[in-house]
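Working notes, beginning with the structure itself.
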Protein chains: 2
Amino acid sequence: MIQKYVCFHLLLHTNEAISVIIEKENVHIMTEGDRTMKVQTIKVELAETLKAKPNGAHLDFGTIFTDHMFLMDYKEGEGWYDPRIVPYQSLTLDPAAIIFHYGQTVFEGLKAYITEGGEVQLFRPEKNFERLNHSNDRLCIPHIDEQFALEALKQLVEIEKDWIPTEEGTSLYIRPFIIATEPYLGVAPSKQYKLMIILSPVGAYYKEGINPVKIAVENQYVRAVLGGTGEAKTAGNYAASLMAQEVVSKDGFAQVLWLDGVEKKYIEEVGSMNVFFKINGEIITPALNGSILQGVTRDSVIQLLKHWGLPVVERRIAMAEIAEAYESGTLEEAFGTGTAAVISPIGQLTWEEKDLIINDGKTGEISKKLYDTLTGIQYGKVEDPFGWTVKVGSN
Amino acid sequence: MIQKYVCFHLLLHTNEAISVIIEKENVHIMTEGDRTMKVQTIKVELAETLKAKPNGAHLDFGTIFTDHMFLMDYKEGEGWYDPRIVPYQSLTLDPAAIIFHYGQTVFEGLKAYITEGGEVQLFRPEKNFERLNHSNDRLCIPHIDEQFALEALKQLVEIEKDWIPTEEGTSLYIRPFIIATEPYLGVAPSKQYKLMIILSPVGAYYKEGINPVKIAVENQYVRAVLGGTGEAKTAGNYAASLMAQEVVSKDGFAQVLWLDGVEKKYIEEVGSMNVFFKINGEIITPALNGSILQGVTRDSVIQLLKHWGLPVVERRIAMAEIAEAYESGTLEEAFGTGTAAVISPIGQLTWEEKDLIINDGKTGEISKKLYDTLTGIQYGKVEDPFGWTVKVGSN
Ligand SMILES: Cc1ncc(COP(=O)(O)O)c(C=O)c1O
Ligand SMILES: Cc1ncc(COP(=O)(O)O)c(C=O)c1O
């Protein structure tokens, strides 16, 4: 095995002495002038043989994985330790590991893009690690060092950069996740965890250009409720969503629109996306109420709209209000936002047997402009006035 | 490795011919007279060395596992296949397995008891496999053959019978569970699963006799909501419960009492137990409303109470009603029911800063009688008029 080591320095806090104060395996805490630094070494073990890369023109989502992955362990009393990049391989876990029984786990999803000039970039990756810690809070999982995790991610992507497909709309999907690994059948937070990052080259979401979808408003099943785990990116929310999706997809719908779990009146999300409506010139999205996910794309869309001087409001929206706007002819656009599709225009919304056809079932002007601008920034084709992109391999 | 085979015959449907119609590995579909039978062979691979058995007097819950486990796989198009009992061992799974990301999983919990005469028995195990399939429905997991799974469980317990502790109140905890194993990052039901059964010798729940606990009524966090997964025994519900439990245990409470997620008014469950109240001579428990688990102990308690001619009602109960009954002096008893504790008397219920002390903080008469009768039946000390116990190793 080829071994290499990558160093990463983290400023901990100020201090006077100059000496190494802790040194063990690949963690070094040392002081330099008035700064205390933690030097974490990421051990890298490269695969001896590499897999054949897939054809970028025929990629699906989430079925092919790259040659390497990042791993780090946590043990109570010790904290996060042993960061390493190793060949992509199976996990070996006790059948009693808490993840298999009580679902104590969180995850993230983001992408690496390749620009025309061949540069590799990430889109607001710090937001994903910030959200991962937010999810950790709700699931009683210890925080990770966001800066360190981002550094590890960059190292991994740098090693796997030949896996980033170059065809239009393709990218490298990045899945950081944490699982509870302690073998224990009691219902209590685990004392052991694994943080992992795996990578998957993914095809263009829209093979023939951005295209509106049909959405069914879900009246029976609930994804999340206030006081539950809806604001966290955690497995149980997705497990809860499978059934509704199965039911509506039989009737030709792409996704469901989730209503709030309390009154089944207010709009929450669309499938695994946040959702926006343009009514009478104003763009409205459900406020972050504790049961919906704080989407990175959602936040970017809000910032872009404000930047363009367009009116955008975050507030509670009843489904009835959308239906009324439709009746009065003021419902101009609707679209979902998320890392996978970026912008997903909604061409039809079906609620209580009624079909609301939005913008003649065509992609709206704002949806198109947002899609072009966001993907433009992600692929380095248009200027990034917000400093959203982060280069890989340039430090 | 010592290999042995156990045969189990399942009647499929009537048929005329007499011949073997499918035969592959360890599945044989054959006809005999007018019956079609599926003969599934459970392959048994015994461990070469056995672990030391723990001291039954000092057992905790869910930390020690026996020498063997049961496993069976599922693949779309093939169904459930390769049932086997193997040495207890780690699972090897792709890091992209759906269980790690979207929590598609269900589980059960029941116990094997040893009688004074040395017989091994299970308590209503068919109810657990029935509930497992009910949970499967909600989680889009394919049904298991309940009869076959029970047979596999009996075989496993028979092999591990020396692991059943004999000390008063101890038992062998049984954890059947199913996990989604397909490596795929799309949010969709898995095409591959594993059904497993692991066993853990557990100590007496009450080391010094049945004892009341302090419970806090939870006003912020929600375990489950109508339309969600509360009626299924699935990981996400338990992940959602960790935080509330962490918060109240710091204040000395044993568990939380969960209110409904919609109005935060009505009583649902207590920790991982169903709950009963005795008010003015009548015993009341929340009706099965779709968001609470259909406890086997709950059902047994209801049947026992009816058998004794006591008034028992399943209906919606507001927490305010309990507080009123307390004020008027008619709240006579309260207790949780579940496989782990059987009956857990509630001595104190704290709601909105107010402490309701129930039955002077002592175990009530009905609670005690239920506990004695149920554990009596489970350990074969009192007659079982309902046919609830199932012997292992006697067929
Ligand atoms: C439930 C849910 N809502 C919304 C989103 C959109 O979030 P983001 O824009 O960060 O991808 C996601 C993730 O993609 C999600 O899983
Ligand atoms: C949430 C929940 N409620 C109630 C119960 C009680 O069910 P049973 O009596 O079948 O053990 C359990 C499981 O023990 C549970 O996990």
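By convention here, the chains of the structure tokens are called A, B, ... in the order presented, each chain's residues are numbered starting at 1, and ligands are numbered starting at 1 in the order presented.
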
Counting only C-alpha atoms, which residues in chain B sit no more than 8 Å from chain A? For each one, give the nearest pair of atoms and the distance in Å, sorted by chain then residue number, as a Markdown table.
| residue | atom | partner | partner_atom | distance |
| --- | --- | --- | --- | --- |
| B:Phe61 | CA | A:Gly186 | CA | 6.6 |
| B:Gly62 | CA | A:Leu185 | CA | 4.5 |
| B:Thr63 | CA | A:Tyr184 | CA | 5.2 |
| B:Gln89 | CA | A:Asp94 | CA | 6.9 |
| B:Ser90 | CA | A:Asp94 | CA | 4.5 |
| B:Leu91 | CA | A:Leu93 | CA | 5.3 |
| B:Thr92 | CA | A:Thr92 | CA | 4.6 |
| B:Leu93 | CA | A:Ser90 | CA | 5.2 |
| B:Asp94 | CA | A:Ser90 | CA | 4.5 |
| B:Pro95 | CA | A:Leu91 | CA | 6.0 |
| B:Ala96 | CA | A:Ile198 | CA | 7.9 |
| B:Ile99 | CA | A:Phe100 | CA | 7.2 |
| B:Phe100 | CA | A:Ile179 | CA | 6.9 |
| B:His101 | CA | A:Ala235 | CA | 5.4 |
| B:Tyr102 | CA | A:Ala235 | CA | 4.0 |
| B:Gly103 | CA | A:Ala235 | CA | 4.6 |
| B:Gln104 | CA | A:Ala239 | CA | 5.2 |
| B:Thr105 | CA | A:Phe100 | CA | 7.4 |
| B:Val106 | CA | A:His101 | CA | 7.7 |
| B:Phe107 | CA | A:His101 | CA | 6.9 |
| B:Arg138 | CA | A:Met243 | CA | 6.6 |
| B:Leu139 | CA | A:Ala239 | CA | 6.5 |
| B:Cys140 | CA | A:Met243 | CA | 6.2 |
| B:Phe177 | CA | A:His101 | CA | 7.6 |
| B:Ile179 | CA | A:Phe100 | CA | 6.9 |
| B:Pro183 | CA | A:Thr63 | CA | 6.9 |
| B:Tyr184 | CA | A:Thr63 | CA | 5.2 |
| B:Leu185 | CA | A:Gly62 | CA | 4.5 |
| B:Gly186 | CA | A:Gly62 | CA | 6.0 |
| B:Val187 | CA | A:Tyr238 | CA | 7.0 |
| B:Ala188 | CA | A:Leu242 | CA | 6.2 |
| B:Pro189 | CA | A:Leu242 | CA | 6.6 |
| B:Ile198 | CA | A:Pro95 | CA | 7.7 |
| B:Gln220 | CA | A:Gly227 | CA | 5.8 |
| B:Tyr221 | CA | A:Gly227 | CA | 4.2 |
| B:Val222 | CA | A:Gly227 | CA | 4.7 |
| B:Arg223 | CA | A:Gly228 | CA | 6.4 |
| B:Ala224 | CA | A:Gly228 | CA | 7.3 |
| B:Val225 | CA | A:Val225 | CA | 7.0 |
| B:Leu226 | CA | A:Val222 | CA | 7.4 |
| B:Gly227 | CA | A:Tyr221 | CA | 4.2 |
| B:Gly228 | CA | A:Val222 | CA | 5.0 |
| B:Thr229 | CA | A:Ala240 | CA | 6.1 |
| B:Thr234 | CA | A:Tyr102 | CA | 7.4 |
| B:Ala235 | CA | A:Tyr102 | CA | 4.0 |
| B:Gly236 | CA | A:Gly236 | CA | 3.9 |
| B:Asn237 | CA | A:Gly236 | CA | 7.2 |
| B:Tyr238 | CA | A:Tyr102 | CA | 5.2 |
| B:Ala239 | CA | A:Gln104 | CA | 5.2 |
| B:Ala240 | CA | A:Thr229 | CA | 6.1 |
| B:Leu242 | CA | A:Ala188 | CA | 6.2 |
| B:Met243 | CA | A:Cys140 | CA | 6.2 |
| B:Gly261 | CA | A:Val262 | CA | 6.9 |
| B:Val262 | CA | A:Val262 | CA | 4.4 |
| B:Glu263 | CA | A:Val262 | CA | 7.2 |

Which parts of stretch 109-340 of chain B does DSSP call alpha helix (DSSP H) when run on the backbone here, written out as an NGL selection string?
:B and (125-138 or 146-159 or 235-249 or 296-307 or 319-327)

Selection from above, C-alpha atoms, as a PDB file, in the first residue's frame, can you write it?
ATOM      1  CA  PRO B 125     -44.068 -14.555  19.874  1.00  0.00           C
ATOM      2  CA  GLU B 126     -46.509 -14.755  16.957  1.00  0.00           C
ATOM      3  CA  LYS B 127     -47.701 -11.242  17.916  1.00  0.00           C
ATOM      4  CA  ASN B 128     -44.195  -9.893  17.428  1.00  0.00           C
ATOM      5  CA  PHE B 129     -43.821 -11.324  13.943  1.00  0.00           C
ATOM      6  CA  GLU B 130     -47.292 -10.077  13.081  1.00  0.00           C
ATOM      7  CA  ARG B 131     -46.269  -6.598  14.257  1.00  0.00           C
ATOM      8  CA  LEU B 132     -42.984  -6.865  12.347  1.00  0.00           C
ATOM      9  CA  ASN B 133     -44.980  -7.307   9.151  1.00  0.00           C
ATOM     10  CA  HIS B 134     -47.229  -4.412  10.145  1.00  0.00           C
ATOM     11  CA  SER B 135     -44.100  -2.272  10.527  1.00  0.00           C
ATOM     12  CA  ASN B 136     -42.815  -3.626   7.193  1.00  0.00           C
ATOM     13  CA  ASP B 137     -45.944  -2.295   5.482  1.00  0.00           C
ATOM     14  CA  ARG B 138     -45.291   1.254   6.671  1.00  0.00           C
ATOM     15  CA  GLU B 146     -44.252 -15.124  10.107  1.00  0.00           C
ATOM     16  CA  GLN B 147     -44.532 -18.851  10.736  1.00  0.00           C
ATOM     17  CA  PHE B 148     -41.122 -19.519   9.261  1.00  0.00           C
ATOM     18  CA  ALA B 149     -39.485 -16.707  11.231  1.00  0.00           C
ATOM     19  CA  LEU B 150     -40.979 -18.084  14.444  1.00  0.00           C
ATOM     20  CA  GLU B 151     -39.630 -21.508  13.598  1.00  0.00           C
ATOM     21  CA  ALA B 152     -36.177 -20.021  12.978  1.00  0.00           C
ATOM     22  CA  LEU B 153     -36.388 -18.176  16.283  1.00  0.00           C
ATOM     23  CA  LYS B 154     -37.263 -21.385  18.127  1.00  0.00           C
ATOM     24  CA  GLN B 155     -34.332 -23.178  16.531  1.00  0.00           C
ATOM     25  CA  LEU B 156     -31.975 -20.402  17.529  1.00  0.00           C
ATOM     26  CA  VAL B 157     -33.250 -20.248  21.115  1.00  0.00           C
ATOM     27  CA  GLU B 158     -33.023 -24.037  21.350  1.00  0.00           C
ATOM     28  CA  ILE B 159     -29.357 -23.856  20.339  1.00  0.00           C
ATOM     29  CA  ALA B 235     -35.468   3.210  14.143  1.00  0.00           C
ATOM     30  CA  GLY B 236     -36.454   6.818  13.400  1.00  0.00           C
ATOM     31  CA  ASN B 237     -39.001   6.920  16.245  1.00  0.00           C
ATOM     32  CA  TYR B 238     -36.301   5.999  18.746  1.00  0.00           C
ATOM     33  CA  ALA B 239     -33.759   8.422  17.249  1.00  0.00           C
ATOM     34  CA  ALA B 240     -36.370  11.162  17.670  1.00  0.00           C
ATOM     35  CA  SER B 241     -36.846  10.226  21.334  1.00  0.00           C
ATOM     36  CA  LEU B 242     -33.201  10.440  22.450  1.00  0.00           C
ATOM     37  CA  MET B 243     -33.082  14.175  23.049  1.00  0.00           C
ATOM     38  CA  ALA B 244     -36.179  14.398  25.276  1.00  0.00           C
ATOM     39  CA  GLN B 245     -34.904  11.481  27.336  1.00  0.00           C
ATOM     40  CA  GLU B 246     -31.480  13.137  27.728  1.00  0.00           C
ATOM     41  CA  VAL B 247     -33.031  16.378  28.933  1.00  0.00           C
ATOM     42  CA  VAL B 248     -35.368  14.901  31.566  1.00  0.00           C
ATOM     43  CA  SER B 249     -32.945  12.298  32.886  1.00  0.00           C
ATOM     44  CA  VAL B 296     -48.082  -6.908  23.108  1.00  0.00           C
ATOM     45  CA  THR B 297     -48.019  -6.252  26.857  1.00  0.00           C
ATOM     46  CA  ARG B 298     -50.759  -3.624  26.413  1.00  0.00           C
ATOM     47  CA  ASP B 299     -52.956  -6.179  24.666  1.00  0.00           C
ATOM     48  CA  SER B 300     -52.219  -8.796  27.331  1.00  0.00           C
ATOM     49  CA  VAL B 301     -53.071  -6.339  30.131  1.00  0.00           C
ATOM     50  CA  ILE B 302     -56.386  -5.475  28.494  1.00  0.00           C
ATOM     51  CA  GLN B 303     -57.254  -9.163  28.134  1.00  0.00           C
ATOM     52  CA  LEU B 304     -56.279  -9.908  31.729  1.00  0.00           C
ATOM     53  CA  LEU B 305     -58.302  -7.016  33.119  1.00  0.00           C
ATOM     54  CA  LYS B 306     -61.349  -8.132  31.140  1.00  0.00           C
ATOM     55  CA  HIS B 307     -60.797 -11.703  32.321  1.00  0.00           C
ATOM     56  CA  MET B 319     -53.346  15.084  30.071  1.00  0.00           C
ATOM     57  CA  ALA B 320     -55.667  17.726  31.576  1.00  0.00           C
ATOM     58  CA  GLU B 321     -58.125  14.968  32.437  1.00  0.00           C
ATOM     59  CA  ILE B 322     -55.428  13.118  34.381  1.00  0.00           C
ATOM     60  CA  ALA B 323     -54.548  16.319  36.250  1.00  0.00           C
ATOM     61  CA  GLU B 324     -58.232  16.895  37.062  1.00  0.00           C
ATOM     62  CA  ALA B 325     -58.636  13.332  38.316  1.00  0.00           C
ATOM     63  CA  TYR B 326     -55.580  13.921  40.474  1.00  0.00           C
ATOM     64  CA  GLU B 327     -57.052  17.118  41.916  1.00  0.00           C
TER      65      GLU B 327
END

Would you please extract all strand (DSSP E or B) residues from stretch 73-320 of chain B, as assigned by DSSP on the backbone, and give them as a PyMOL selection string?
chain B and resi 73-75+79-87+91-93+97+105-107+110-114+120-123+171-180+183+192-202+213-217+255-259+266-270+273-279+282-286+312-315+318

Same residues, C-alpha atoms, output as a PDB file, in the first residue's frame:
ATOM      1  CA  ASP B  73     -31.443 -12.390   2.920  1.00  0.00           C
ATOM      2  CA  TYR B  74     -33.884 -10.799   0.531  1.00  0.00           C
ATOM      3  CA  LYS B  75     -33.342  -9.819  -3.052  1.00  0.00           C
ATOM      4  CA  GLY B  79     -37.714 -13.181  -2.193  1.00  0.00           C
ATOM      5  CA  TRP B  80     -36.310 -14.216   1.203  1.00  0.00           C
ATOM      6  CA  TYR B  81     -33.570 -16.806   0.870  1.00  0.00           C
ATOM      7  CA  ASP B  82     -30.667 -18.535   2.562  1.00  0.00           C
ATOM      8  CA  PRO B  83     -31.976 -18.856   6.137  1.00  0.00           C
ATOM      9  CA  ARG B  84     -29.058 -19.725   8.376  1.00  0.00           C
ATOM     10  CA  ILE B  85     -27.901 -19.872  11.960  1.00  0.00           C
ATOM     11  CA  VAL B  86     -24.254 -18.869  12.185  1.00  0.00           C
ATOM     12  CA  PRO B  87     -21.751 -17.866  14.874  1.00  0.00           C
ATOM     13  CA  LEU B  91     -21.972  -7.565   9.493  1.00  0.00           C
ATOM     14  CA  THR B  92     -20.155  -6.474   6.373  1.00  0.00           C
ATOM     15  CA  LEU B  93     -22.051  -3.785   4.516  1.00  0.00           C
ATOM     16  CA  ALA B  97     -26.265   0.664   2.150  1.00  0.00           C
ATOM     17  CA  THR B 105     -35.502  -0.754   8.989  1.00  0.00           C
ATOM     18  CA  VAL B 106     -37.901  -2.372  11.473  1.00  0.00           C
ATOM     19  CA  PHE B 107     -37.365  -4.382  14.623  1.00  0.00           C
ATOM     20  CA  LEU B 110     -39.474 -10.212  22.975  1.00  0.00           C
ATOM     21  CA  LYS B 111     -38.056 -12.613  25.547  1.00  0.00           C
ATOM     22  CA  ALA B 112     -37.412 -16.287  26.265  1.00  0.00           C
ATOM     23  CA  TYR B 113     -37.937 -17.392  29.850  1.00  0.00           C
ATOM     24  CA  ILE B 114     -36.856 -20.483  31.703  1.00  0.00           C
ATOM     25  CA  VAL B 120     -37.883 -22.744  27.786  1.00  0.00           C
ATOM     26  CA  GLN B 121     -40.823 -20.637  26.738  1.00  0.00           C
ATOM     27  CA  LEU B 122     -41.689 -17.581  24.683  1.00  0.00           C
ATOM     28  CA  PHE B 123     -44.504 -15.128  25.375  1.00  0.00           C
ATOM     29  CA  SER B 171     -34.451 -13.662  30.702  1.00  0.00           C
ATOM     30  CA  LEU B 172     -33.059 -13.924  27.207  1.00  0.00           C
ATOM     31  CA  TYR B 173     -33.952 -10.829  25.211  1.00  0.00           C
ATOM     32  CA  ILE B 174     -34.681 -11.532  21.540  1.00  0.00           C
ATOM     33  CA  ARG B 175     -34.161  -8.894  18.873  1.00  0.00           C
ATOM     34  CA  PRO B 176     -35.429  -9.701  15.387  1.00  0.00           C
ATOM     35  CA  PHE B 177     -34.710  -6.888  12.899  1.00  0.00           C
ATOM     36  CA  ILE B 178     -34.636  -6.142   9.201  1.00  0.00           C
ATOM     37  CA  ILE B 179     -32.261  -3.696   7.532  1.00  0.00           C
ATOM     38  CA  ALA B 180     -32.140  -2.334   3.977  1.00  0.00           C
ATOM     39  CA  PRO B 183     -25.934   0.300  -1.833  1.00  0.00           C
ATOM     40  CA  GLN B 192     -32.109  -5.968  -0.805  1.00  0.00           C
ATOM     41  CA  TYR B 193     -32.623  -6.683   2.901  1.00  0.00           C
ATOM     42  CA  LYS B 194     -31.324  -8.758   5.764  1.00  0.00           C
ATOM     43  CA  LEU B 195     -33.553 -10.285   8.456  1.00  0.00           C
ATOM     44  CA  MET B 196     -31.591 -11.084  11.578  1.00  0.00           C
ATOM     45  CA  ILE B 197     -32.260 -12.357  15.073  1.00  0.00           C
ATOM     46  CA  ILE B 198     -29.765 -11.717  17.849  1.00  0.00           C
ATOM     47  CA  LEU B 199     -30.078 -12.747  21.504  1.00  0.00           C
ATOM     48  CA  SER B 200     -28.939 -11.058  24.693  1.00  0.00           C
ATOM     49  CA  PRO B 201     -29.203 -12.389  28.252  1.00  0.00           C
ATOM     50  CA  VAL B 202     -30.715  -9.601  30.371  1.00  0.00           C
ATOM     51  CA  VAL B 213     -40.743   5.699  38.636  1.00  0.00           C
ATOM     52  CA  LYS B 214     -40.879   9.470  38.120  1.00  0.00           C
ATOM     53  CA  ILE B 215     -42.116  10.563  34.708  1.00  0.00           C
ATOM     54  CA  ALA B 216     -41.976  14.022  33.082  1.00  0.00           C
ATOM     55  CA  VAL B 217     -44.699  15.045  30.642  1.00  0.00           C
ATOM     56  CA  GLN B 255     -38.807   8.571  31.173  1.00  0.00           C
ATOM     57  CA  VAL B 256     -40.993  11.095  29.419  1.00  0.00           C
ATOM     58  CA  LEU B 257     -44.715  10.857  28.832  1.00  0.00           C
ATOM     59  CA  TRP B 258     -45.321  11.649  25.170  1.00  0.00           C
ATOM     60  CA  LEU B 259     -48.243  13.808  24.152  1.00  0.00           C
ATOM     61  CA  TYR B 266     -53.523  13.814  24.476  1.00  0.00           C
ATOM     62  CA  ILE B 267     -51.530  11.041  26.092  1.00  0.00           C
ATOM     63  CA  GLU B 268     -49.702   8.644  23.789  1.00  0.00           C
ATOM     64  CA  GLU B 269     -46.995   6.578  25.501  1.00  0.00           C
ATOM     65  CA  VAL B 270     -44.443   6.626  28.299  1.00  0.00           C
ATOM     66  CA  MET B 273     -44.056   1.723  26.903  1.00  0.00           C
ATOM     67  CA  ASN B 274     -47.799   1.958  26.537  1.00  0.00           C
ATOM     68  CA  VAL B 275     -49.564   3.574  29.458  1.00  0.00           C
ATOM     69  CA  PHE B 276     -52.617   2.899  31.642  1.00  0.00           C
ATOM     70  CA  PHE B 277     -54.438   4.988  34.265  1.00  0.00           C
ATOM     71  CA  LYS B 278     -56.895   3.863  36.914  1.00  0.00           C
ATOM     72  CA  ILE B 279     -59.412   6.606  37.570  1.00  0.00           C
ATOM     73  CA  GLU B 282     -61.960   2.322  35.730  1.00  0.00           C
ATOM     74  CA  ILE B 283     -58.769   1.466  33.861  1.00  0.00           C
ATOM     75  CA  ILE B 284     -58.106   3.623  30.808  1.00  0.00           C
ATOM     76  CA  THR B 285     -55.456   3.430  28.107  1.00  0.00           C
ATOM     77  CA  PRO B 286     -55.007   5.548  24.963  1.00  0.00           C
ATOM     78  CA  VAL B 312     -61.099  -1.290  30.961  1.00  0.00           C
ATOM     79  CA  VAL B 313     -61.521   1.326  28.255  1.00  0.00           C
ATOM     80  CA  GLU B 314     -59.423   2.283  25.227  1.00  0.00           C
ATOM     81  CA  ARG B 315     -60.034   5.918  24.339  1.00  0.00           C
ATOM     82  CA  ALA B 318     -56.152  14.376  27.630  1.00  0.00           C
TER      83      ALA B 318
END

Skip B:Ala204 itself and residues of its chain fewer than 6 positions away, then list as a list of chain:residue names all residues within 7 Å of it, counting only C-alpha atoms.
B:Glu168, B:Gly169, B:Thr170

Residues near stretch 366-378 of chain B, cut-off 8 Å, only C-alpha atoms, skip fewer than 3 positions along chain, as a list in words:
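The neighbour list is Tyr113, Gln121, Leu122, Phe123, Ile210, Val301, Leu304, Glu333, Ala334, Phe335, Val342, Ile343, Ser344, Pro345, Thr363, Lys381, Val382, Glu383, Asp384 and Thr389 of chain B.
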
Can you write just those residues out, N, CA and C atoms, as a compact mmCIF listing (two decimals), in the first residue's frame?
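To be explicit, this is the file written out as out11.txt:
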# COMPACT_ATOMS: atom_id res chain seq x y z
N TYR B 113 -38.00 -17.22 28.40
CA TYR B 113 -37.94 -17.39 29.85
C TYR B 113 -37.67 -18.85 30.17
N GLN B 121 -39.61 -21.10 27.41
CA GLN B 121 -40.82 -20.64 26.74
C GLN B 121 -40.78 -19.18 26.30
N LEU B 122 -41.56 -18.93 25.25
CA LEU B 122 -41.69 -17.58 24.68
C LEU B 122 -43.07 -17.06 25.05
N PHE B 123 -43.22 -15.74 25.05
CA PHE B 123 -44.50 -15.13 25.38
C PHE B 123 -45.09 -14.48 24.12
N ILE B 210 -40.62 -4.77 42.12
CA ILE B 210 -41.28 -3.75 41.30
C ILE B 210 -41.32 -2.41 42.04
N VAL B 301 -52.51 -7.00 28.95
CA VAL B 301 -53.07 -6.34 30.13
C VAL B 301 -54.58 -6.15 29.94
N LEU B 304 -56.29 -9.47 30.33
CA LEU B 304 -56.28 -9.91 31.73
C LEU B 304 -57.32 -9.15 32.54
N GLU B 333 -54.19 4.90 40.08
CA GLU B 333 -52.94 4.24 39.68
C GLU B 333 -52.55 4.71 38.28
N ALA B 334 -51.29 4.54 37.97
CA ALA B 334 -50.80 4.78 36.60
C ALA B 334 -49.63 3.84 36.41
N PHE B 335 -49.54 3.25 35.20
CA PHE B 335 -48.40 2.35 34.94
C PHE B 335 -48.13 2.22 33.45
N VAL B 342 -42.32 -5.15 31.87
CA VAL B 342 -43.64 -5.78 31.99
C VAL B 342 -44.64 -4.72 32.47
N ILE B 343 -44.57 -4.38 33.77
CA ILE B 343 -45.40 -3.30 34.33
C ILE B 343 -44.45 -2.33 35.04
N SER B 344 -44.58 -1.06 34.74
CA SER B 344 -43.75 -0.05 35.38
C SER B 344 -44.65 0.98 36.05
N PRO B 345 -44.87 0.83 37.38
CA PRO B 345 -45.78 1.76 38.08
C PRO B 345 -45.23 3.18 38.02
N THR B 363 -46.45 1.37 44.53
CA THR B 363 -47.02 0.48 43.52
C THR B 363 -48.48 0.18 43.86
N LYS B 381 -45.11 -20.02 36.30
CA LYS B 381 -45.45 -20.23 37.72
C LYS B 381 -46.94 -20.21 37.94
N VAL B 382 -47.65 -19.50 37.08
CA VAL B 382 -49.11 -19.51 37.22
C VAL B 382 -49.72 -20.00 35.91
N GLU B 383 -50.92 -20.49 36.02
CA GLU B 383 -51.60 -21.07 34.88
C GLU B 383 -51.74 -20.04 33.75
N ASP B 384 -51.69 -20.48 32.52
CA ASP B 384 -51.81 -19.62 31.35
C ASP B 384 -53.13 -19.91 30.65
N THR B 389 -48.19 -18.75 26.16
CA THR B 389 -46.80 -19.20 26.13
C THR B 389 -46.59 -20.27 25.06
